[in-house]
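To be precise, the following lines are final_4.json, and they hold JSON, C-alpha atoms.
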```json
[["chain", "number", "residue", "atom", "x", "y", "z"],
["A", 1, "MET", "CA", 0.00, 0.00, 0.00],
["A", 2, "VAL", "CA", 1.38, 3.41, -0.94],
["A", 3, "ALA", "CA", -1.29, 5.64, 0.62],
["A", 4, "LYS", "CA", -4.60, 5.68, 2.46],
["A", 5, "HIS", "CA", -7.19, 8.36, 1.65],
["A", 6, "ARG", "CA", -10.35, 9.25, 3.50],
["A", 7, "LYS", "CA", -13.02, 10.76, 1.26],
["A", 8, "MET", "CA", -13.34, 14.43, 2.23],
["A", 9, "HIS", "CA", -16.67, 15.44, 0.67],
["A", 10, "LEU", "CA", -19.71, 13.31, 1.38],
["A", 11, "PHE", "CA", -22.45, 12.84, -1.18],
["A", 12, "ASP", "CA", -25.57, 14.12, 0.59],
["A", 13, "VAL", "CA", -28.09, 14.89, -2.15],
["A", 14, "ASN", "CA", -31.83, 14.89, -2.65],
["A", 15, "ILE", "CA", -32.95, 14.98, -6.26],
["A", 16, "PRO", "CA", -36.71, 14.40, -5.97],
["A", 17, "GLY", "CA", -37.91, 11.40, -7.91],
["A", 18, "GLU", "CA", -34.42, 10.45, -9.06],
["A", 19, "LEU", "CA", -31.82, 10.03, -6.34],
["A", 20, "VAL", "CA", -31.61, 10.44, -2.60],
["A", 21, "MET", "CA", -28.32, 9.62, -0.91],
["A", 22, "GLU", "CA", -26.92, 10.62, 2.45],
["A", 23, "GLU", "CA", -23.39, 9.32, 2.89],
["A", 24, "SER", "CA", -23.02, 11.31, 6.10],
["A", 25, "SER", "CA", -25.49, 8.94, 7.76],
["A", 26, "CYS", "CA", -22.91, 6.14, 7.63],
["A", 27, "VAL", "CA", -19.53, 7.66, 6.72],
["A", 28, "THR", "CA", -17.31, 10.17, 8.50],
["A", 29, "PRO", "CA", -15.36, 12.47, 6.16],
["A", 30, "GLY", "CA", -11.60, 12.64, 6.13],
["A", 31, "ASN", "CA", -9.91, 15.98, 6.68],
["A", 32, "THR", "CA", -6.52, 15.73, 5.01],
["A", 33, "LEU", "CA", -5.22, 15.70, 1.48],
["A", 34, "THR", "CA", -3.47, 12.50, 0.44],
["A", 35, "THR", "CA", -0.47, 12.40, -1.86],
["A", 36, "PHE", "CA", 2.24, 9.93, -2.67],
["A", 37, "ASP", "CA", 5.38, 10.05, -4.75],
["A", 38, "LEU", "CA", 6.42, 7.78, -7.57],
["A", 39, "PRO", "CA", 9.76, 8.16, -9.34],
["A", 40, "GLN", "CA", 7.93, 9.92, -12.21],
["A", 41, "CYS", "CA", 5.73, 12.34, -10.24],
["A", 42, "LYS", "CA", 3.65, 13.22, -7.22],
["A", 43, "ILE", "CA", 0.05, 11.92, -7.22],
["A", 44, "GLY", "CA", -3.02, 13.24, -5.39],
["A", 45, "LEU", "CA", -6.04, 11.17, -4.36],
["A", 46, "GLY", "CA", -9.73, 11.94, -4.17],
["A", 47, "VAL", "CA", -12.84, 9.76, -4.08],
["A", 48, "CYS", "CA", -15.92, 10.25, -6.25],
["A", 49, "TYR", "CA", -17.68, 13.40, -4.95],
["A", 50, "ASP", "CA", -14.28, 14.94, -4.10],
["A", 51, "MET", "CA", -13.90, 15.52, -7.85],
["A", 52, "ARG", "CA", -16.61, 18.22, -7.69],
["A", 53, "PHE", "CA", -14.47, 20.48, -5.54],
["A", 54, "PRO", "CA", -11.97, 22.46, -7.63],
["A", 55, "GLU", "CA", -10.31, 23.85, -4.51],
["A", 56, "MET", "CA", -9.12, 20.37, -3.53],
["A", 57, "ALA", "CA", -7.65, 19.71, -6.98],
["A", 58, "ARG", "CA", -6.00, 23.14, -6.97],
["A", 59, "LEU", "CA", -4.30, 22.42, -3.64],
["A", 60, "TYR", "CA", -2.95, 19.21, -5.10],
["A", 61, "ALA", "CA", -1.60, 21.02, -8.17],
["A", 62, "LYS", "CA", -0.04, 23.75, -6.02],
["A", 63, "SER", "CA", 1.65, 21.07, -3.90],
["A", 64, "GLY", "CA", 3.33, 19.64, -7.01],
["A", 65, "CYS", "CA", 0.96, 16.86, -8.10],
["A", 66, "LYS", "CA", 0.97, 16.06, -11.80],
["A", 67, "VAL", "CA", -1.64, 13.28, -11.62],
["A", 68, "LEU", "CA", -4.93, 13.13, -9.74],
["A", 69, "LEU", "CA", -6.67, 9.80, -9.18],
["A", 70, "TYR", "CA", -10.40, 9.60, -8.52],
["A", 71, "PRO", "CA", -12.16, 6.27, -8.10],
["A", 72, "GLY", "CA", -15.87, 7.01, -8.31],
["A", 73, "ALA", "CA", -19.32, 5.54, -8.76],
["A", 74, "PHE", "CA", -21.45, 8.16, -10.48],
["A", 75, "SER", "CA", -25.08, 7.27, -11.18],
["A", 76, "GLU", "CA", -26.09, 5.81, -14.54],
["A", 77, "ILE", "CA", -29.08, 8.16, -14.75],
["A", 78, "VAL", "CA", -28.42, 11.32, -12.75],
["A", 79, "THR", "CA", -24.73, 12.25, -12.56],
["A", 80, "GLY", "CA", -22.82, 9.97, -14.93],
["A", 81, "PRO", "CA", -24.02, 11.02, -18.37],
["A", 82, "THR", "CA", -23.78, 14.77, -17.76],
["A", 83, "GLN", "CA", -21.06, 15.21, -15.14],
["A", 84, "TRP", "CA", -18.53, 12.34, -15.02],
["A", 85, "GLU", "CA", -16.42, 13.31, -18.04],
["A", 86, "LEU", "CA", -17.01, 17.05, -17.66],
["A", 87, "LEU", "CA", -15.63, 17.06, -14.11],
["A", 88, "GLN", "CA", -12.56, 15.04, -15.10],
["A", 89, "ARG", "CA", -11.82, 17.36, -17.99],
["A", 90, "SER", "CA", -12.39, 20.45, -15.84],
["A", 91, "ARG", "CA", -10.08, 19.32, -13.03],
["A", 92, "ALA", "CA", -7.39, 18.38, -15.56],
["A", 93, "LEU", "CA", -7.61, 21.63, -17.53],
["A", 94, "ASP", "CA", -7.91, 23.95, -14.51],
["A", 95, "ASN", "CA", -4.89, 22.43, -12.82],
["A", 96, "GLN", "CA", -2.79, 21.23, -15.76],
["A", 97, "VAL", "CA", -2.63, 17.67, -14.48],
["A", 98, "TYR", "CA", -3.56, 14.25, -15.72],
["A", 99, "VAL", "CA", -6.80, 12.99, -14.21],
["A", 100, "ALA", "CA", -7.46, 9.28, -14.07],
["A", 101, "ALA", "CA", -10.92, 8.28, -12.91],
["A", 102, "SER", "CA", -11.83, 4.65, -12.35],
["A", 103, "ALA", "CA", -15.37, 3.41, -12.00],
["A", 104, "PRO", "CA", -17.04, 0.09, -11.34],
["A", 105, "ALA", "CA", -18.52, -1.77, -14.28],
["A", 106, "ARG", "CA", -22.28, -1.31, -14.56],
["A", 107, "ASN", "CA", -24.40, -3.90, -12.76],
["A", 108, "THR", "CA", -28.02, -3.42, -13.79],
["A", 109, "ASN", "CA", -29.16, -5.89, -11.11],
["A", 110, "HIS", "CA", -27.92, -3.64, -8.30],
["A", 111, "SER", "CA", -30.18, -1.06, -6.62],
["A", 112, "TYR", "CA", -27.67, 1.71, -7.47],
["A", 113, "VAL", "CA", -26.57, 1.39, -11.08],
["A", 114, "THR", "CA", -23.28, 3.10, -11.85],
["A", 115, "TRP", "CA", -22.18, 4.88, -15.01],
["A", 116, "GLY", "CA", -18.82, 3.17, -15.58],
["A", 117, "HIS", "CA", -16.65, 4.85, -18.23],
["A", 118, "SER", "CA", -13.23, 4.87, -16.54],
["A", 119, "SER", "CA", -11.05, 7.47, -18.26],
["A", 120, "ILE", "CA", -7.75, 9.31, -18.42],
["A", 121, "VAL", "CA", -7.67, 13.01, -19.30],
["A", 122, "ASN", "CA", -4.56, 15.02, -20.21],
["A", 123, "PRO", "CA", -3.50, 18.44, -18.81],
["A", 124, "LEU", "CA", -5.29, 20.28, -21.64],
["A", 125, "GLY", "CA", -8.59, 18.53, -20.89],
["A", 126, "LYS", "CA", -8.50, 15.99, -23.71],
["A", 127, "VAL", "CA", -9.72, 12.46, -23.00],
["A", 128, "ILE", "CA", -6.82, 10.24, -24.04],
["A", 129, "ALA", "CA", -8.27, 6.89, -22.95],
["A", 130, "THR", "CA", -11.72, 5.73, -21.93],
["A", 131, "CYS", "CA", -14.09, 2.81, -22.03],
["A", 132, "GLU", "CA", -17.79, 2.06, -21.90],
["A", 133, "GLU", "CA", -19.68, 0.74, -18.90],
["A", 134, "LYS", "CA", -18.37, -2.82, -19.11],
["A", 135, "GLU", "CA", -15.50, -4.30, -17.12],
["A", 136, "THR", "CA", -12.18, -3.51, -18.79],
["A", 137, "ILE", "CA", -8.77, -1.99, -18.18],
["A", 138, "VAL", "CA", -8.01, 1.51, -19.44],
["A", 139, "TYR", "CA", -4.45, 2.21, -20.56],
["A", 140, "GLY", "CA", -2.85, 5.55, -21.34],
["A", 141, "ASP", "CA", 0.60, 7.10, -21.59],
["A", 142, "LEU", "CA", 1.19, 9.85, -19.03],
["A", 143, "ASP", "CA", 4.07, 12.10, -20.05],
["A", 144, "MET", "CA", 5.31, 14.25, -17.18],
["A", 145, "GLU", "CA", 7.34, 16.40, -19.58],
["A", 146, "TYR", "CA", 4.07, 17.21, -21.32],
["A", 147, "VAL", "CA", 2.70, 18.49, -18.00],
["A", 148, "ASN", "CA", 5.76, 20.75, -17.72],
["A", 149, "LYS", "CA", 5.31, 21.93, -21.33],
["A", 150, "VAL", "CA", 1.64, 22.78, -20.77],
["A", 151, "ARG", "CA", 2.50, 24.64, -17.56],
["A", 152, "GLN", "CA", 5.14, 26.65, -19.45],
["A", 153, "MET", "CA", 2.74, 27.53, -22.29],
["A", 154, "PHE", "CA", -0.01, 28.56, -19.89],
["A", 155, "PRO", "CA", 1.61, 29.39, -16.52],
["A", 156, "LEU", "CA", -1.69, 29.29, -14.60],
["A", 157, "LEU", "CA", -0.22, 28.15, -11.30],
["A", 158, "LYS", "CA", 2.31, 31.01, -11.38],
["A", 159, "GLN", "CA", -0.36, 33.56, -12.35],
["A", 160, "LEU", "CA", -2.80, 32.72, -9.55],
["A", 161, "ARG", "CA", -3.89, 35.78, -7.62],
["A", 162, "ASP", "CA", -3.97, 34.18, -4.19],
["A", 163, "ASP", "CA", -3.38, 37.65, -2.74],
["A", 164, "VAL", "CA", -6.78, 38.72, -4.07],
["A", 165, "TYR", "CA", -8.59, 35.41, -3.48],
["A", 166, "GLU", "CA", -7.56, 35.30, 0.19],
["A", 167, "VAL", "CA", -8.75, 38.88, 0.78],
["A", 168, "MET", "CA", -12.08, 38.21, -0.95],
["A", 169, "ALA", "CA", -12.63, 34.99, 1.03],
["A", 170, "LYS", "CA", -12.38, 36.81, 4.39]]
```
Taking this structure as input, can you express it in the form of structure tokens?
Amino acid sequence: MVAKHRKMHLFDVNIPGELVMEESSCVTPGNTLTTFDLPQCKIGLGVCYDMRFPEMARLYAKSGCKVLLYPGAFSEIVTGPTQWELLQRSRALDNQVYVAASAPARNTNHSYVTWGHSSIVNPLGKVIATCEEKETIVYGDLDMEYVNKVRQMFPLLKQLRDDVYEVMAK
């Protein structure tokens, strides 16, 4: 085991007639970011609903992560079709990182049917590998020099106006 992550953001939603879920009724959220280093790069971890919070991904990028991993089980009907890929692409593009999101294969006999579609997205928001809802393995080449090149072309992390954001947040 290289790291242990506790999901920070719990999925408490009520979409009338479609989906009601209250993770906080049975799960306690974590309160720390989780990273680990490989020889190639630093990696940040999130779980499912964590992907919806750009601040978390930004902290990972600012701490030197070049890859973010998100296992997740978005809904086949409500969140998967409209949000799964969009959120991966957004986190990758906003933070100039690779995002790899793994999902369980769809089981239509289960009470909660997941979307599937594990994917890898590059630092410019392009999906470089994906699959459908069935069980499979997704492969993709992650080039850390490409991350550096993208960050040189568009130096977003250097151009952040934390001085203004911090004042506005108070």
What are the closest atom pairs, with distances in Å to one decimal, for each residue of stretch 96-158 of chain A lying within 12 Å of stretch 27-50 of chain A, using only C-alpha atoms, rows by chain and rising residue number, as CSV?
```
residue,atom,partner,partner_atom,distance
A:Val97,CA,A:Ile43,CA,9.6
A:Tyr98,CA,A:Ile43,CA,9.5
A:Val99,CA,A:Gly44,CA,9.6
A:Ala100,CA,A:Leu45,CA,10.0
A:Ala101,CA,A:Cys48,CA,8.6
A:Ser102,CA,A:Cys48,CA,9.2
A:Ala103,CA,A:Cys48,CA,9.0
A:Pro104,CA,A:Cys48,CA,11.4
A:Thr114,CA,A:Cys48,CA,11.7
A:Ser118,CA,A:Cys48,CA,11.9
A:Leu142,CA,A:Gln40,CA,9.6
A:Asp143,CA,A:Gln40,CA,9.0
A:Met144,CA,A:Gln40,CA,7.1
A:Glu145,CA,A:Gln40,CA,9.8
A:Val147,CA,A:Cys41,CA,10.4
A:Asn148,CA,A:Cys41,CA,11.3
```
A:Lys62, A:Ile128, A:Pro123, A:Met8: which is nearest A:Lys149, counting all atoms listed in the file? A:Pro123
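For the residues A:Asn122, A:Val2, A:Thr136, A:Asn95, ranking by smallest atom-to-atom distance to A:Gly64 using all atoms listed in the file places A:Asn95 first.
The interatomic distance for the pair atom CA of A:Met168 and atom CA of A:Leu87 works out to 25.2 Å.
Among the candidate residues A:Thr130, A:His5, A:Trp115, A:Gly125, the one lying nearest to A:Thr82 is A:Trp115, with distances computed using all atoms listed in the file.
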Atom pair atom CA of A:Met56 / atom CA of A:Gln159: separation (Å): 18.1 Å
Which residue of A:Leu19, A:Ile137, A:Asn14, A:Leu156 approaches A:Ser111 most closely, using all atoms listed in the file: A:Leu19
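For the pair atom CA of A:Val13 and atom CA of A:Glu135, the separation is 27.4 Å.
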